[in-house]
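Following: one structure in structure tokens, then a few remarks.
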Amino acid sequence: MQQQNDFFECVYEVVRQIPFGKVTTYGSIAKYLGASKSARTVGYAMNAAHAKPDVPAHRVVNRIGLLTGKHHFAGINTMQQLLEAEGHVILNDQIQQFDAVFWNPNA
DNA sequence: CGGCTGACGTAAC
DNA sequence: TGTTACGCCAGCC
């Protein structure tokens with residue numbers, strides 16, 4: 001959806017659509033936006049997403065399900081706790097059965 | 001104004 | 001099969 005002209009807003013729009021109990025990756029979002037090589041920028045957008053309560057940034061991880069951005073949350077374990085509260089299993093900062101809970105924006 | 005950095009991912013060697 | 005390099009966009013020094 002290109003309703004928003006801003007790359008950031010576009011990212012937020014996708015993240016907002018992540019259903020409860022599901023997660024996605026930066027790369028998938030970037031790819032969905034047509035900027036498959038800009039996964040990095042997506043992550044950067046997440047940084048600003050902190051100001052957007054509607055944007056569940058904790059549901060966005062890297063392609064291997066690793067909570068790479070946990071340090072950017074209020075607390076080191078905030079991201080993990082949020083995910084666990086949604087029924088996810090986090091082990092060593094990594095989502096277990098990641099492929100099972102992965103949500104593809106393109107689908 | 002230029003260059004470095006960063007929640008990533010993919011390709012190439 | 002493991003490591004290195006690069007692209008992309010925006011913010012900050």
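Letters A, B, ... go to the chains of the structure tokens in the order shown; residues in each chain start at 1; ligands are counted from 1 in the same order.
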Contact residues (chain A, partner chain C, 9 Å, only C-alpha atoms (C1' of nucleotides)) as a ChimeraX atom specification: /A:7,35-42,44-45
Chain B contacts to chain A at 9 Å (only C-alpha atoms (C1' of nucleotides)) as number ranges by chain: B: 6-10
Can I get the selected residues back with all heavy atoms, as a short mmCIF file (atom, residue, chain, number, x, y, z; two decimals), in the first residue's frame?
data_model
loop_
_atom_site.label_atom_id
_atom_site.label_comp_id
_atom_site.auth_asym_id
_atom_site.auth_seq_id
_atom_site.Cartn_x
_atom_site.Cartn_y
_atom_site.Cartn_z
P DG B 6 27.13 1.84 14.69
OP1 DG B 6 27.33 1.78 16.14
OP2 DG B 6 27.91 0.97 13.79
"O5'" DG B 6 25.58 1.58 14.38
"C5'" DG B 6 24.59 2.43 14.95
"C4'" DG B 6 23.24 2.12 14.32
"O4'" DG B 6 23.19 2.68 12.99
"C3'" DG B 6 22.99 0.62 14.20
"O3'" DG B 6 21.70 0.28 14.71
"C2'" DG B 6 23.04 0.35 12.72
"C1'" DG B 6 22.69 1.70 12.10
N9 DG B 6 23.30 1.91 10.78
C8 DG B 6 24.52 1.50 10.36
N7 DG B 6 24.79 1.82 9.12
C5 DG B 6 23.66 2.49 8.70
C6 DG B 6 23.35 3.08 7.45
O6 DG B 6 24.02 3.12 6.44
N1 DG B 6 22.09 3.66 7.45
C2 DG B 6 21.24 3.68 8.53
N2 DG B 6 20.08 4.29 8.34
N3 DG B 6 21.52 3.14 9.70
C4 DG B 6 22.73 2.56 9.71
P DA B 7 21.96 -0.98 15.83
OP1 DA B 7 21.64 -0.54 17.19
OP2 DA B 7 23.28 -1.49 15.54
"O5'" DA B 7 20.93 -2.09 15.39
"C5'" DA B 7 19.60 -1.92 15.73
"C4'" DA B 7 18.81 -3.08 15.18
"O4'" DA B 7 17.48 -2.92 15.66
"C3'" DA B 7 18.71 -3.16 13.64
"O3'" DA B 7 18.72 -4.51 13.26
"C2'" DA B 7 17.42 -2.48 13.37
"C1'" DA B 7 16.59 -2.97 14.58
N9 DA B 7 15.45 -2.14 14.90
C8 DA B 7 14.76 -1.34 14.05
N7 DA B 7 13.75 -0.71 14.58
C5 DA B 7 13.79 -1.11 15.91
C6 DA B 7 13.01 -0.78 17.01
N6 DA B 7 11.97 0.03 16.99
N1 DA B 7 13.30 -1.33 18.18
C2 DA B 7 14.33 -2.17 18.23
N3 DA B 7 15.16 -2.55 17.25
C4 DA B 7 14.84 -1.97 16.10
P DC B 8 19.89 -5.06 12.32
OP1 DC B 8 20.13 -6.43 12.73
OP2 DC B 8 21.00 -4.11 12.25
"O5'" DC B 8 19.22 -5.09 10.87
"C5'" DC B 8 17.84 -5.30 10.69
"C4'" DC B 8 17.59 -5.76 9.28
"O4'" DC B 8 18.46 -5.07 8.38
"C3'" DC B 8 17.86 -7.25 9.08
"O3'" DC B 8 16.83 -7.83 8.29
"C2'" DC B 8 19.18 -7.29 8.37
"C1'" DC B 8 19.18 -6.01 7.59
N1 DC B 8 20.54 -5.48 7.36
C2 DC B 8 20.90 -5.14 6.06
O2 DC B 8 20.09 -5.28 5.15
N3 DC B 8 22.15 -4.70 5.83
C4 DC B 8 23.01 -4.55 6.84
N4 DC B 8 24.23 -4.11 6.56
C5 DC B 8 22.65 -4.88 8.18
C6 DC B 8 21.42 -5.33 8.39
P DG B 9 16.87 -9.36 7.94
OP1 DG B 9 15.49 -9.87 7.87
OP2 DG B 9 17.85 -10.02 8.82
"O5'" DG B 9 17.46 -9.31 6.45
"C5'" DG B 9 16.78 -8.55 5.48
"C4'" DG B 9 17.43 -8.74 4.11
"O4'" DG B 9 18.67 -8.02 4.06
"C3'" DG B 9 17.74 -10.21 3.81
"O3'" DG B 9 17.29 -10.53 2.50
"C2'" DG B 9 19.25 -10.29 3.92
"C1'" DG B 9 19.71 -8.88 3.60
N9 DG B 9 20.94 -8.50 4.29
C8 DG B 9 21.30 -8.74 5.58
N7 DG B 9 22.47 -8.26 5.91
C5 DG B 9 22.91 -7.66 4.74
C6 DG B 9 24.11 -6.97 4.46
O6 DG B 9 25.06 -6.73 5.22
N1 DG B 9 24.17 -6.52 3.15
C2 DG B 9 23.17 -6.72 2.23
N2 DG B 9 23.39 -6.22 1.01
N3 DG B 9 22.04 -7.36 2.47
C4 DG B 9 21.98 -7.80 3.74
P DT B 10 17.46 -12.02 1.95
OP1 DT B 10 16.16 -12.49 1.45
OP2 DT B 10 18.19 -12.82 2.95
"O5'" DT B 10 18.44 -11.79 0.71
"C5'" DT B 10 18.37 -10.55 0.00
"C4'" DT B 10 19.57 -10.41 -0.93
"O4'" DT B 10 20.70 -9.86 -0.22
"C3'" DT B 10 20.02 -11.74 -1.52
"O3'" DT B 10 20.30 -11.57 -2.90
"C2'" DT B 10 21.27 -12.07 -0.74
"C1'" DT B 10 21.83 -10.71 -0.39
N1 DT B 10 22.63 -10.68 0.84
C2 DT B 10 23.78 -9.94 0.86
O2 DT B 10 24.16 -9.29 -0.11
N3 DT B 10 24.47 -9.95 2.03
C4 DT B 10 24.14 -10.62 3.19
O4 DT B 10 24.85 -10.55 4.18
C5 DT B 10 22.91 -11.39 3.12
C7 DT B 10 22.47 -12.16 4.31
C6 DT B 10 22.23 -11.38 1.96
#
Please identify all polymer residues within 8 Å of A:Arg59, counting only C-alpha atoms (C1' of nucleotides), omitting same-chain residues fewer than 6 positions from it, and present them as an mmCIF file with C-alpha atoms, in the first residue's frame.
data_model
loop_
_atom_site.group_PDB
_atom_site.id
_atom_site.type_symbol
_atom_site.label_atom_id
_atom_site.label_comp_id
_atom_site.auth_asym_id
_atom_site.auth_seq_id
_atom_site.Cartn_x
_atom_site.Cartn_y
_atom_site.Cartn_z
ATOM 1 C CA VAL A 15 3.787 -3.452 10.783
ATOM 2 C CA ILE A 18 0.787 -7.850 11.674
ATOM 3 C CA LYS A 22 2.549 -13.375 14.486
ATOM 4 C CA VAL A 23 5.861 -11.793 13.575
ATOM 5 C CA THR A 24 7.612 -10.652 10.430
ATOM 6 C CA LEU A 83 6.557 -11.504 22.413
#
Every residue of chain A that DSSP places in helix (DSSP H, G or I), as number ranges by chain: A: 7-16, 26-32, 36-49, 57-59, 70-72, 78-85, 98-101
Secondary structure check, strand (DSSP E or B) residues of chain A, as a PyMOL selection string: chain A and resi 23-25+60-61+66+90-91+94-95+102
Pairwise distance for atom CA of A:Ala107 and atom CA of A:Arg16, rounded to one decimal in Å: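 Separating atom CA of A:Ala107 from atom CA of A:Arg16 is a distance of 14.9 Å.
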